[in-house]
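Dumped target.pdb below, it's PDB, C-alpha atoms:
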```pdb
ATOM      1  CA  MET D   1       0.000   0.000   0.000
ATOM      2  CA  ASN D   2       1.165   3.464  -0.815
ATOM      3  CA  VAL D   3       1.672   5.501   2.309
ATOM      4  CA  ILE D   4       2.190   9.257   2.272
ATOM      5  CA  THR D   5       5.504   9.943   4.000
ATOM      6  CA  ALA D   6       5.092  13.698   4.397
ATOM      7  CA  THR D   7       2.606  16.461   3.798
ATOM      8  CA  VAL D   8       3.719  19.837   2.513
ATOM      9  CA  ASP D   9       1.170  22.474   3.415
ATOM     10  CA  ALA D  10       1.713  25.349   0.996
ATOM     11  CA  LYS D  11      -1.819  26.714   1.250
ATOM     12  CA  GLY D  12      -1.852  30.467   0.769
ATOM     13  CA  GLN D  13       1.578  30.563  -0.855
ATOM     14  CA  SER D  14       1.978  32.023  -4.330
ATOM     15  CA  CYS D  15       4.410  31.079  -7.089
ATOM     16  CA  PRO D  16       7.077  29.825  -6.587
ATOM     17  CA  GLY D  17       6.291  29.077  -2.916
ATOM     18  CA  PRO D  18       4.561  25.676  -3.254
ATOM     19  CA  LEU D  19       7.301  24.265  -5.503
ATOM     20  CA  VAL D  20      10.099  25.593  -3.326
ATOM     21  CA  SER D  21       8.438  24.084  -0.233
ATOM     22  CA  LEU D  22       7.975  20.783  -2.072
ATOM     23  CA  ALA D  23      11.592  20.753  -3.285
ATOM     24  CA  LYS D  24      12.850  21.397   0.239
ATOM     25  CA  ALA D  25      10.734  18.544   1.608
ATOM     26  CA  LEU D  26      11.945  16.226  -1.165
ATOM     27  CA  LYS D  27      15.559  16.910  -0.238
ATOM     28  CA  THR D  28      15.170  15.031   3.018
ATOM     29  CA  ALA D  29      12.883  12.329   1.537
ATOM     30  CA  LYS D  30      14.058   8.955   0.262
ATOM     31  CA  ILE D  31      13.687   7.656  -3.300
ATOM     32  CA  GLY D  32      10.234   6.110  -3.644
ATOM     33  CA  ASP D  33       8.711   8.214  -0.863
ATOM     34  CA  LEU D  34       5.266   9.667  -1.494
ATOM     35  CA  LEU D  35       4.744  13.306  -0.642
ATOM     36  CA  GLU D  36       1.482  15.163  -0.486
ATOM     37  CA  LEU D  37       1.378  18.824  -1.496
ATOM     38  CA  LEU D  38      -1.529  21.060  -0.527
ATOM     39  CA  ALA D  39      -1.834  24.394  -2.301
ATOM     40  CA  THR D  40      -4.372  27.081  -3.020
ATOM     41  CA  ASP D  41      -2.395  28.731  -5.825
ATOM     42  CA  PRO D  42      -4.391  28.071  -9.041
ATOM     43  CA  GLY D  43      -1.105  28.326 -10.949
ATOM     44  CA  SER D  44      -0.041  25.077  -9.296
ATOM     45  CA  LYS D  45      -2.457  23.203 -11.598
ATOM     46  CA  SER D  46      -0.036  23.681 -14.472
ATOM     47  CA  ASP D  47       3.117  24.263 -12.442
ATOM     48  CA  VAL D  48       3.179  20.993 -10.510
ATOM     49  CA  PRO D  49       2.918  18.808 -13.669
ATOM     50  CA  SER D  50       5.618  20.980 -15.316
ATOM     51  CA  TRP D  51       7.790  20.643 -12.254
ATOM     52  CA  ALA D  52       7.340  16.848 -12.327
ATOM     53  CA  GLU D  53       8.338  16.760 -15.984
ATOM     54  CA  ILE D  54      11.446  18.915 -15.540
ATOM     55  CA  SER D  55      12.595  17.330 -12.300
ATOM     56  CA  GLY D  56      11.905  13.732 -13.327
ATOM     57  CA  ASN D  57       9.720  13.035 -10.305
ATOM     58  CA  GLU D  58       6.353  11.354 -10.655
ATOM     59  CA  LEU D  59       3.012  13.066 -10.187
ATOM     60  CA  LEU D  60       0.555  10.368  -9.101
ATOM     61  CA  GLU D  61      -2.523  12.302  -8.108
ATOM     62  CA  SER D  62      -3.967  15.713  -8.752
ATOM     63  CA  THR D  63      -7.279  16.592  -7.158
ATOM     64  CA  GLU D  64      -9.184  19.642  -6.047
ATOM     65  CA  ALA D  65     -11.608  20.022  -3.166
ATOM     66  CA  ALA D  66     -13.027  23.199  -1.672
ATOM     67  CA  GLY D  67     -10.427  25.437  -3.309
ATOM     68  CA  VAL D  68      -7.509  23.307  -2.160
ATOM     69  CA  PHE D  69      -5.384  21.522  -4.714
ATOM     70  CA  ARG D  70      -3.886  18.243  -3.580
ATOM     71  CA  TYR D  71      -0.992  16.588  -5.347
ATOM     72  CA  VAL D  72       0.736  13.304  -4.588
ATOM     73  CA  VAL D  73       4.280  13.065  -5.822
ATOM     74  CA  ARG D  74       6.687  10.147  -5.789
ATOM     75  CA  LYS D  75      10.363  10.974  -5.347
ATOM     76  CA  VAL D  76      12.192   9.402  -8.267
ATOM     77  CA  VAL D  77      15.377  11.463  -8.371
TER      78      VAL D  77
ATOM     79  CA  MET G   1      19.287 -17.490 -49.258
ATOM     80  CA  ALA G   2      22.260 -15.151 -49.016
ATOM     81  CA  THR G   3      24.049 -14.846 -45.693
ATOM     82  CA  THR G   4      24.743 -11.448 -44.099
ATOM     83  CA  GLU G   5      28.436 -11.671 -44.951
ATOM     84  CA  GLU G   6      27.635 -12.124 -48.607
ATOM     85  CA  ARG G   7      25.306  -9.110 -48.700
ATOM     86  CA  ILE G   8      27.867  -6.620 -47.283
ATOM     87  CA  ASP G   9      30.221  -5.590 -50.021
ATOM     88  CA  THR G  10      33.395  -3.742 -49.144
ATOM     89  CA  THR G  11      32.573  -0.594 -51.119
ATOM     90  CA  SER G  12      29.432   0.112 -49.121
ATOM     91  CA  LEU G  13      31.300  -0.727 -45.903
ATOM     92  CA  THR G  14      33.967   1.908 -46.659
ATOM     93  CA  GLU G  15      31.248   4.381 -47.538
ATOM     94  CA  LEU G  16      29.458   3.609 -44.263
ATOM     95  CA  LEU G  17      32.657   4.109 -42.256
ATOM     96  CA  GLN G  18      33.224   7.457 -43.950
ATOM     97  CA  ARG G  19      29.720   8.554 -43.075
ATOM     98  CA  VAL G  20      30.180   7.501 -39.462
ATOM     99  CA  GLU G  21      33.435   9.486 -39.306
ATOM    100  CA  ALA G  22      31.747  12.560 -40.806
ATOM    101  CA  LEU G  23      28.941  12.288 -38.244
ATOM    102  CA  GLU G  24      31.449  11.937 -35.420
ATOM    103  CA  ASP G  25      33.298  15.053 -36.609
ATOM    104  CA  ALA G  26      30.055  17.021 -36.761
ATOM    105  CA  GLN G  27      29.158  15.808 -33.274
ATOM    106  CA  HIS G  28      32.474  17.063 -31.864
ATOM    107  CA  GLY G  29      31.687  20.581 -33.033
ATOM    108  CA  LYS G  30      28.303  20.527 -31.316
ATOM    109  CA  VAL G  31      27.820  21.951 -27.846
ATOM    110  CA  GLN G  32      26.263  19.551 -25.392
ATOM    111  CA  THR G  33      23.670  21.331 -23.307
ATOM    112  CA  LYS G  34      22.893  20.360 -19.744
ATOM    113  CA  ASN G  35      19.634  20.459 -17.808
ATOM    114  CA  LYS G  36      20.673  23.888 -16.665
ATOM    115  CA  MET G  37      19.423  27.465 -16.618
ATOM    116  CA  THR G  38      21.669  30.499 -16.703
ATOM    117  CA  ILE G  39      20.335  34.012 -16.221
ATOM    118  CA  ILE G  40      22.243  37.173 -16.937
ATOM    119  CA  ALA G  41      20.832  39.562 -14.330
ATOM    120  CA  TRP G  42      21.526  42.919 -15.927
ATOM    121  CA  GLY G  43      18.619  44.982 -14.611
ATOM    122  CA  GLY G  44      18.518  46.187 -11.032
ATOM    123  CA  ASP G  45      14.846  47.146 -11.053
ATOM    124  CA  LEU G  46      12.588  45.360  -8.606
ATOM    125  CA  ASP G  47      10.454  44.165 -11.523
ATOM    126  CA  ARG G  48      13.503  42.516 -13.089
ATOM    127  CA  ILE G  49      15.263  41.170  -9.993
ATOM    128  CA  TRP G  50      11.994  39.611  -8.857
ATOM    129  CA  PRO G  51      11.362  37.365 -11.896
ATOM    130  CA  THR G  52      15.097  36.620 -12.045
ATOM    131  CA  THR G  53      15.062  35.231  -8.500
ATOM    132  CA  ILE G  54      11.708  33.465  -8.997
ATOM    133  CA  LEU G  55      12.953  31.666 -12.124
ATOM    134  CA  ALA G  56      16.309  30.755 -10.590
ATOM    135  CA  THR G  57      14.763  29.257  -7.441
ATOM    136  CA  THR G  58      12.095  27.418  -9.451
ATOM    137  CA  ALA G  59      14.726  25.923 -11.771
ATOM    138  CA  ALA G  60      16.719  24.721  -8.764
ATOM    139  CA  ALA G  61      13.538  23.425  -7.118
ATOM    140  CA  SER G  62      12.888  21.454 -10.324
ATOM    141  CA  GLY G  63      16.250  19.758 -10.097
ATOM    142  CA  MET G  64      17.935  21.884 -12.757
ATOM    143  CA  GLU G  65      21.391  23.265 -12.338
ATOM    144  CA  ALA G  66      21.018  27.046 -12.076
ATOM    145  CA  SER G  67      23.371  29.995 -12.165
ATOM    146  CA  VAL G  68      22.826  33.749 -12.218
ATOM    147  CA  PHE G  69      25.467  36.180 -13.446
ATOM    148  CA  PHE G  70      24.924  39.622 -11.904
ATOM    149  CA  THR G  71      26.205  42.464 -14.044
ATOM    150  CA  PHE G  72      25.704  46.254 -14.308
ATOM    151  CA  TRP G  73      22.587  47.323 -12.367
ATOM    152  CA  GLY G  74      21.859  43.735 -11.456
ATOM    153  CA  LEU G  75      24.945  43.578  -9.262
ATOM    154  CA  PHE G  76      23.430  46.094  -6.821
ATOM    155  CA  ALA G  77      21.001  43.347  -5.748
ATOM    156  CA  LEU G  78      23.944  41.418  -4.281
ATOM    157  CA  VAL G  79      25.172  44.287  -2.085
ATOM    158  CA  LYS G  80      24.776  43.549   1.639
ATOM    159  CA  PRO G  81      21.727  45.347   3.080
ATOM    160  CA  GLY G  82      23.774  47.304   5.652
ATOM    161  CA  VAL G  83      26.353  48.605   3.178
ATOM    162  CA  ARG G  84      25.749  52.276   2.349
ATOM    163  CA  ILE G  85      28.447  54.172   0.489
ATOM    164  CA  THR G  86      30.767  52.068  -1.603
ATOM    165  CA  GLY G  87      33.654  52.779  -3.949
ATOM    166  CA  GLU G  88      36.958  54.582  -3.699
ATOM    167  CA  ASN G  89      36.537  57.745  -5.734
ATOM    168  CA  TRP G  90      33.775  60.367  -5.721
ATOM    169  CA  MET G  91      32.138  59.026  -8.886
ATOM    170  CA  GLN G  92      31.808  55.515  -7.480
ATOM    171  CA  LYS G  93      30.600  56.911  -4.161
ATOM    172  CA  MET G  94      28.021  59.117  -5.879
ATOM    173  CA  MET G  95      26.821  56.135  -7.894
ATOM    174  CA  SER G  96      26.356  54.089  -4.719
ATOM    175  CA  VAL G  97      24.371  56.902  -3.083
ATOM    176  CA  MET G  98      22.076  57.206  -6.112
ATOM    177  CA  ASN G  99      21.721  53.429  -6.392
ATOM    178  CA  ALA G 100      21.350  52.033  -2.914
ATOM    179  CA  GLY G 101      22.515  48.439  -2.790
ATOM    180  CA  SER G 102      20.665  45.217  -1.843
ATOM    181  CA  ALA G 103      17.562  43.690  -3.398
ATOM    182  CA  GLU G 104      15.290  45.260  -0.793
ATOM    183  CA  LYS G 105      16.260  48.738  -2.049
ATOM    184  CA  ALA G 106      15.466  47.925  -5.688
ATOM    185  CA  LYS G 107      13.205  50.412  -7.459
ATOM    186  CA  LEU G 108      10.331  49.735  -9.826
ATOM    187  CA  SER G 109      11.014  50.531 -13.485
ATOM    188  CA  ARG G 110       7.593  52.203 -13.661
ATOM    189  CA  TYR G 111       5.160  53.540 -11.049
ATOM    190  CA  HIS G 112       7.998  53.971  -8.600
ATOM    191  CA  PHE G 113       6.351  57.101  -7.082
ATOM    192  CA  ALA G 114       9.301  57.861  -4.793
ATOM    193  CA  GLY G 115       9.123  54.424  -3.224
ATOM    194  CA  ALA G 116       5.348  54.176  -2.861
ATOM    195  CA  GLY G 117       5.143  51.765  -5.817
ATOM    196  CA  PRO G 118       7.557  49.176  -4.380
ATOM    197  CA  ALA G 119       5.912  49.542  -0.940
ATOM    198  CA  MET G 120       2.503  48.740  -2.450
ATOM    199  CA  PHE G 121       3.979  45.923  -4.499
ATOM    200  CA  LYS G 122       5.540  44.371  -1.417
ATOM    201  CA  LYS G 123       2.327  44.828   0.569
ATOM    202  CA  LEU G 124       0.466  42.933  -2.176
ATOM    203  CA  ALA G 125       3.230  40.327  -2.321
ATOM    204  CA  ASN G 126       3.022  39.870   1.429
ATOM    205  CA  ASP G 127      -0.770  39.505   1.288
ATOM    206  CA  HIS G 128      -0.413  36.872  -1.427
ATOM    207  CA  GLN G 129       2.529  35.164   0.266
ATOM    208  CA  VAL G 130       4.929  35.833  -2.580
ATOM    209  CA  ALA G 131       8.494  35.778  -1.327
ATOM    210  CA  THR G 132      10.453  39.021  -1.778
ATOM    211  CA  PRO G 133      13.586  39.108  -3.968
ATOM    212  CA  GLU G 134      15.852  39.238  -0.905
ATOM    213  CA  GLU G 135      14.093  36.164   0.525
ATOM    214  CA  LEU G 136      14.326  34.460  -2.869
ATOM    215  CA  ILE G 137      18.069  35.165  -3.056
ATOM    216  CA  ALA G 138      18.489  33.368   0.276
ATOM    217  CA  THR G 139      16.270  30.487  -0.948
ATOM    218  CA  ALA G 140      18.273  30.329  -4.184
ATOM    219  CA  GLN G 141      21.495  29.940  -2.211
ATOM    220  CA  GLU G 142      19.870  27.286  -0.031
ATOM    221  CA  LEU G 143      18.778  25.345  -3.138
ATOM    222  CA  GLY G 144      22.265  25.536  -4.648
ATOM    223  CA  VAL G 145      21.804  28.258  -7.273
ATOM    224  CA  ARG G 146      25.239  29.655  -8.110
ATOM    225  CA  LEU G 147      25.173  33.439  -7.748
ATOM    226  CA  ILE G 148      28.063  34.940  -9.673
ATOM    227  CA  PRO G 149      29.149  38.595  -9.534
ATOM    228  CA  CYS G 150      30.619  40.298 -12.610
ATOM    229  CA  GLN G 151      34.251  41.236 -11.927
ATOM    230  CA  MET G 152      34.231  44.164 -14.347
ATOM    231  CA  THR G 153      31.129  45.749 -12.744
ATOM    232  CA  MET G 154      32.723  45.317  -9.308
ATOM    233  CA  ASP G 155      35.841  47.129 -10.534
ATOM    234  CA  LEU G 156      33.803  49.835 -12.244
ATOM    235  CA  LEU G 157      31.722  50.564  -9.146
ATOM    236  CA  GLY G 158      34.521  49.963  -6.666
ATOM    237  CA  LEU G 159      32.605  47.137  -4.991
ATOM    238  CA  THR G 160      34.644  44.664  -2.966
ATOM    239  CA  ARG G 161      33.762  41.110  -1.911
ATOM    240  CA  GLN G 162      33.109  42.500   1.576
ATOM    241  CA  ASP G 163      30.400  44.784   0.160
ATOM    242  CA  LEU G 164      28.600  41.796  -1.376
ATOM    243  CA  LEU G 165      26.519  39.040   0.224
ATOM    244  CA  ASP G 166      28.265  36.007   1.658
ATOM    245  CA  GLY G 167      28.235  32.684  -0.137
ATOM    246  CA  LEU G 168      28.639  34.013  -3.673
ATOM    247  CA  GLU G 169      30.732  32.354  -6.360
ATOM    248  CA  GLU G 170      34.052  33.824  -7.429
ATOM    249  CA  PRO G 171      33.587  36.886  -9.682
ATOM    250  CA  ILE G 172      33.905  36.115 -13.370
ATOM    251  CA  GLY G 173      34.205  37.885 -16.726
ATOM    252  CA  ALA G 174      32.207  37.883 -19.946
ATOM    253  CA  ALA G 175      33.879  34.820 -21.449
ATOM    254  CA  THR G 176      33.092  32.686 -18.408
ATOM    255  CA  ALA G 177      29.537  34.038 -18.440
ATOM    256  CA  ILE G 178      29.248  32.932 -22.070
ATOM    257  CA  ALA G 179      30.644  29.530 -21.111
ATOM    258  CA  GLU G 180      27.899  29.325 -18.457
ATOM    259  CA  MET G 181      25.217  30.106 -21.067
ATOM    260  CA  ARG G 182      26.790  27.899 -23.731
ATOM    261  CA  ASP G 183      26.061  24.636 -21.957
ATOM    262  CA  ALA G 184      22.739  25.705 -20.443
ATOM    263  CA  ALA G 185      19.550  24.427 -22.046
ATOM    264  CA  VAL G 186      17.892  27.697 -20.997
ATOM    265  CA  SER G 187      19.703  31.017 -20.907
ATOM    266  CA  LEU G 188      18.076  34.387 -20.310
ATOM    267  CA  PHE G 189      19.040  38.034 -20.170
ATOM    268  CA  ILE G 190      16.837  39.898 -17.696
TER     269      ILE G 190
END
```

Structure re-expressed in structure tokens:
Amino acid sequence: MNVITATVDAKGQSCPGPLVSLAKALKTAKIGDLLELLATDPGSKSDVPSWAEISGNELLESTEAAGVFRYVVRKVV
Amino acid sequence: MATTEERIDTTSLTELLQRVEALEDAQHGKVQTKNKMTIIAWGGDLDRIWPTTILATTAAASGMEASVFFTFWGLFALVKPGVRITGENWMQKMMSVMNAGSAEKAKLSRYHFAGAGPAMFKKLANDHQVATPEELIATAQELGVRLIPCQMTMDLLGLTRQDLLDGLEEPIGAATAIAEMRDAAVSLFI
């Protein structure tokens, strides 16, 4: 079963806040770890997939509920 | 049925080898780019330094190698916040008085309104939790972005290493800046 190892709460932060917070959290994570990112920045809808593509990490989930965007990312590199 | 050996005749093999050699030669002349972004930070305006620091930190956060070469007005963003008058002669000193150093002193290219513009901008940025350029410079350093001062601009303005922020790379010249851009997949002049 896939277990979320850490949650990055970047709600309220604007670009590039959520990605910087995520990158910092990934630094201490292990390869294969699943991280959850919570953001309210609408720009994250396109930015998180772009970030995954550039960085080589895997975006597993992308959902939205009550104005909060939730992303699940697997650390690959 | 003919075997492989029978089908290869020596003339076409020589021709093939020649083509491989020609391709190899062409490949040697090509520059290999890395997953890297290099920004030439020329402008010292708040509305230039801001996107420069946003892009640099985002590139580093995305696992790209990132470097920023600070030249001309851009170099003022790397001056330590406490440093006031810099330079050795009156011209350099006057320049430093007119252009206060550090990213937090950066002016807007338009709607500056004697400082009211940047104040409003930063108020909005604070409300929207956008990091300021000075915060982004610190984040950039934390994420491993190489911040490189331009040696010539330092000489021109009489700025010493002591006047600039800690943790910067060694100052470089134009050729090294070009070398930085040459192998970067993305290079920008802001």

Determine, for each residue of chain G having at least one atom at most 6 Å from an atom of chain D, the closest pair of atoms and their separation in Å to one decimal, counting all atoms listed in the file; order by chain and ascending number, as a Markdown table.
```
| residue | atom | partner | partner_atom | distance |
| --- | --- | --- | --- | --- |
| G:Ala61 | CA | D:Ala23 | CA | 5.1 |
| G:Ser62 | CA | D:Ser55 | CA | 4.6 |
| G:Gly63 | CA | D:Ser55 | CA | 4.9 |
| G:Gln129 | CA | D:Gln13 | CA | 4.8 |
| G:Val130 | CA | D:Ser14 | CA | 5.1 |
```

Item to check | Point (22.9, 38.2, -11.8) neighbourhood (8 Å, all atoms listed in the file) written as a PyMOL selection string | outcome: chain G and resi 39-42+52+68-71+74-75+147-149

Next on the checklist: So that I can see what lies close to Glu169 (chain G), please list as a VMD selection string the residues with an atom at most 12 Å from it, counting all atoms listed in the file and leaving out residues fewer than 2 positions away in the same chain.
Outcome noted: chain G and resid 67 to 70 78 141 144 to 151 161 164 to 167 171 to 172

Would you save the residues of that selection, restricted to C-alpha atoms, as an mmCIF file, in the frame of the given file?
```cif
data_model
loop_
_atom_site.group_PDB
_atom_site.id
_atom_site.type_symbol
_atom_site.label_atom_id
_atom_site.label_comp_id
_atom_site.auth_asym_id
_atom_site.auth_seq_id
_atom_site.Cartn_x
_atom_site.Cartn_y
_atom_site.Cartn_z
ATOM 1 C CA SER G 67 23.371 29.995 -12.165
ATOM 2 C CA VAL G 68 22.826 33.749 -12.218
ATOM 3 C CA PHE G 69 25.467 36.180 -13.446
ATOM 4 C CA PHE G 70 24.924 39.622 -11.904
ATOM 5 C CA LEU G 78 23.944 41.418 -4.281
ATOM 6 C CA GLN G 141 21.495 29.940 -2.211
ATOM 7 C CA GLY G 144 22.265 25.536 -4.648
ATOM 8 C CA VAL G 145 21.804 28.258 -7.273
ATOM 9 C CA ARG G 146 25.239 29.655 -8.110
ATOM 10 C CA LEU G 147 25.173 33.439 -7.748
ATOM 11 C CA ILE G 148 28.063 34.940 -9.673
ATOM 12 C CA PRO G 149 29.149 38.595 -9.534
ATOM 13 C CA CYS G 150 30.619 40.298 -12.610
ATOM 14 C CA GLN G 151 34.251 41.236 -11.927
ATOM 15 C CA ARG G 161 33.762 41.110 -1.911
ATOM 16 C CA LEU G 164 28.600 41.796 -1.376
ATOM 17 C CA LEU G 165 26.519 39.040 0.224
ATOM 18 C CA ASP G 166 28.265 36.007 1.658
ATOM 19 C CA GLY G 167 28.235 32.684 -0.137
ATOM 20 C CA PRO G 171 33.587 36.886 -9.682
ATOM 21 C CA ILE G 172 33.905 36.115 -13.370
#
```

Next on the checklist: Could you tell me, as a ChimeraX atom specification, exactly which residues end up selected when the PyMOL selection byres ((chain G and resi 80) around 8) is applied to this structure?
Outcome noted: /G:78-79,81-83,101-102,163-165

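The coordinates place CA of Leu136 (chain G) at 24.4 Å from CA of Thr176 (chain G).
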
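For region 28-40 of chain D, the set of protein, DNA and RNA residues having any atom at most 6 Å away, when counting all atoms listed in the file and skipping those fewer than 2 positions along the same chain, is Ile4, Thr5, Ala6, Thr7, Val8, Asp9, Ala10, Lys11, Gly12, Ala25, Leu26, Val68, Phe69, Arg70, Tyr71, Val72, Val73, Arg74, Lys75 and Val76 of chain D.
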
Next on the checklist: Can you measure CA of Ala100 (chain G) to CA of Thr53 (chain G) for me? One decimal in Å is fine.
Outcome noted: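 For CA of Ala100 (chain G) relative to CA of Thr53 (chain G), the distance reads 18.8 Å.
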
Kindly write region 7-71 of chain D with C-alpha atoms to a file, as a PDB file, in the first residue's frame.
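selection.pdb was written with the following content:
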```pdb
ATOM      1  CA  THR D   7       2.606  16.461   3.798  1.00  0.00           C
ATOM      2  CA  VAL D   8       3.719  19.837   2.513  1.00  0.00           C
ATOM      3  CA  ASP D   9       1.170  22.474   3.415  1.00  0.00           C
ATOM      4  CA  ALA D  10       1.713  25.349   0.996  1.00  0.00           C
ATOM      5  CA  LYS D  11      -1.819  26.714   1.250  1.00  0.00           C
ATOM      6  CA  GLY D  12      -1.852  30.467   0.769  1.00  0.00           C
ATOM      7  CA  GLN D  13       1.578  30.563  -0.855  1.00  0.00           C
ATOM      8  CA  SER D  14       1.978  32.023  -4.330  1.00  0.00           C
ATOM      9  CA  CYS D  15       4.410  31.079  -7.089  1.00  0.00           C
ATOM     10  CA  PRO D  16       7.077  29.825  -6.587  1.00  0.00           C
ATOM     11  CA  GLY D  17       6.291  29.077  -2.916  1.00  0.00           C
ATOM     12  CA  PRO D  18       4.561  25.676  -3.254  1.00  0.00           C
ATOM     13  CA  LEU D  19       7.301  24.265  -5.503  1.00  0.00           C
ATOM     14  CA  VAL D  20      10.099  25.593  -3.326  1.00  0.00           C
ATOM     15  CA  SER D  21       8.438  24.084  -0.233  1.00  0.00           C
ATOM     16  CA  LEU D  22       7.975  20.783  -2.072  1.00  0.00           C
ATOM     17  CA  ALA D  23      11.592  20.753  -3.285  1.00  0.00           C
ATOM     18  CA  LYS D  24      12.850  21.397   0.239  1.00  0.00           C
ATOM     19  CA  ALA D  25      10.734  18.544   1.608  1.00  0.00           C
ATOM     20  CA  LEU D  26      11.945  16.226  -1.165  1.00  0.00           C
ATOM     21  CA  LYS D  27      15.559  16.910  -0.238  1.00  0.00           C
ATOM     22  CA  THR D  28      15.170  15.031   3.018  1.00  0.00           C
ATOM     23  CA  ALA D  29      12.883  12.329   1.537  1.00  0.00           C
ATOM     24  CA  LYS D  30      14.058   8.955   0.262  1.00  0.00           C
ATOM     25  CA  ILE D  31      13.687   7.656  -3.300  1.00  0.00           C
ATOM     26  CA  GLY D  32      10.234   6.110  -3.644  1.00  0.00           C
ATOM     27  CA  ASP D  33       8.711   8.214  -0.863  1.00  0.00           C
ATOM     28  CA  LEU D  34       5.266   9.667  -1.494  1.00  0.00           C
ATOM     29  CA  LEU D  35       4.744  13.306  -0.642  1.00  0.00           C
ATOM     30  CA  GLU D  36       1.482  15.163  -0.486  1.00  0.00           C
ATOM     31  CA  LEU D  37       1.378  18.824  -1.496  1.00  0.00           C
ATOM     32  CA  LEU D  38      -1.529  21.060  -0.527  1.00  0.00           C
ATOM     33  CA  ALA D  39      -1.834  24.394  -2.301  1.00  0.00           C
ATOM     34  CA  THR D  40      -4.372  27.081  -3.020  1.00  0.00           C
ATOM     35  CA  ASP D  41      -2.395  28.731  -5.825  1.00  0.00           C
ATOM     36  CA  PRO D  42      -4.391  28.071  -9.041  1.00  0.00           C
ATOM     37  CA  GLY D  43      -1.105  28.326 -10.949  1.00  0.00           C
ATOM     38  CA  SER D  44      -0.041  25.077  -9.296  1.00  0.00           C
ATOM     39  CA  LYS D  45      -2.457  23.203 -11.598  1.00  0.00           C
ATOM     40  CA  SER D  46      -0.036  23.681 -14.472  1.00  0.00           C
ATOM     41  CA  ASP D  47       3.117  24.263 -12.442  1.00  0.00           C
ATOM     42  CA  VAL D  48       3.179  20.993 -10.510  1.00  0.00           C
ATOM     43  CA  PRO D  49       2.918  18.808 -13.669  1.00  0.00           C
ATOM     44  CA  SER D  50       5.618  20.980 -15.316  1.00  0.00           C
ATOM     45  CA  TRP D  51       7.790  20.643 -12.254  1.00  0.00           C
ATOM     46  CA  ALA D  52       7.340  16.848 -12.327  1.00  0.00           C
ATOM     47  CA  GLU D  53       8.338  16.760 -15.984  1.00  0.00           C
ATOM     48  CA  ILE D  54      11.446  18.915 -15.540  1.00  0.00           C
ATOM     49  CA  SER D  55      12.595  17.330 -12.300  1.00  0.00           C
ATOM     50  CA  GLY D  56      11.905  13.732 -13.327  1.00  0.00           C
ATOM     51  CA  ASN D  57       9.720  13.035 -10.305  1.00  0.00           C
ATOM     52  CA  GLU D  58       6.353  11.354 -10.655  1.00  0.00           C
ATOM     53  CA  LEU D  59       3.012  13.066 -10.187  1.00  0.00           C
ATOM     54  CA  LEU D  60       0.555  10.368  -9.101  1.00  0.00           C
ATOM     55  CA  GLU D  61      -2.523  12.302  -8.108  1.00  0.00           C
ATOM     56  CA  SER D  62      -3.967  15.713  -8.752  1.00  0.00           C
ATOM     57  CA  THR D  63      -7.279  16.592  -7.158  1.00  0.00           C
ATOM     58  CA  GLU D  64      -9.184  19.642  -6.047  1.00  0.00           C
ATOM     59  CA  ALA D  65     -11.608  20.022  -3.166  1.00  0.00           C
ATOM     60  CA  ALA D  66     -13.027  23.199  -1.672  1.00  0.00           C
ATOM     61  CA  GLY D  67     -10.427  25.437  -3.309  1.00  0.00           C
ATOM     62  CA  VAL D  68      -7.509  23.307  -2.160  1.00  0.00           C
ATOM     63  CA  PHE D  69      -5.384  21.522  -4.714  1.00  0.00           C
ATOM     64  CA  ARG D  70      -3.886  18.243  -3.580  1.00  0.00           C
ATOM     65  CA  TYR D  71      -0.992  16.588  -5.347  1.00  0.00           C
TER      66      TYR D  71
END
```
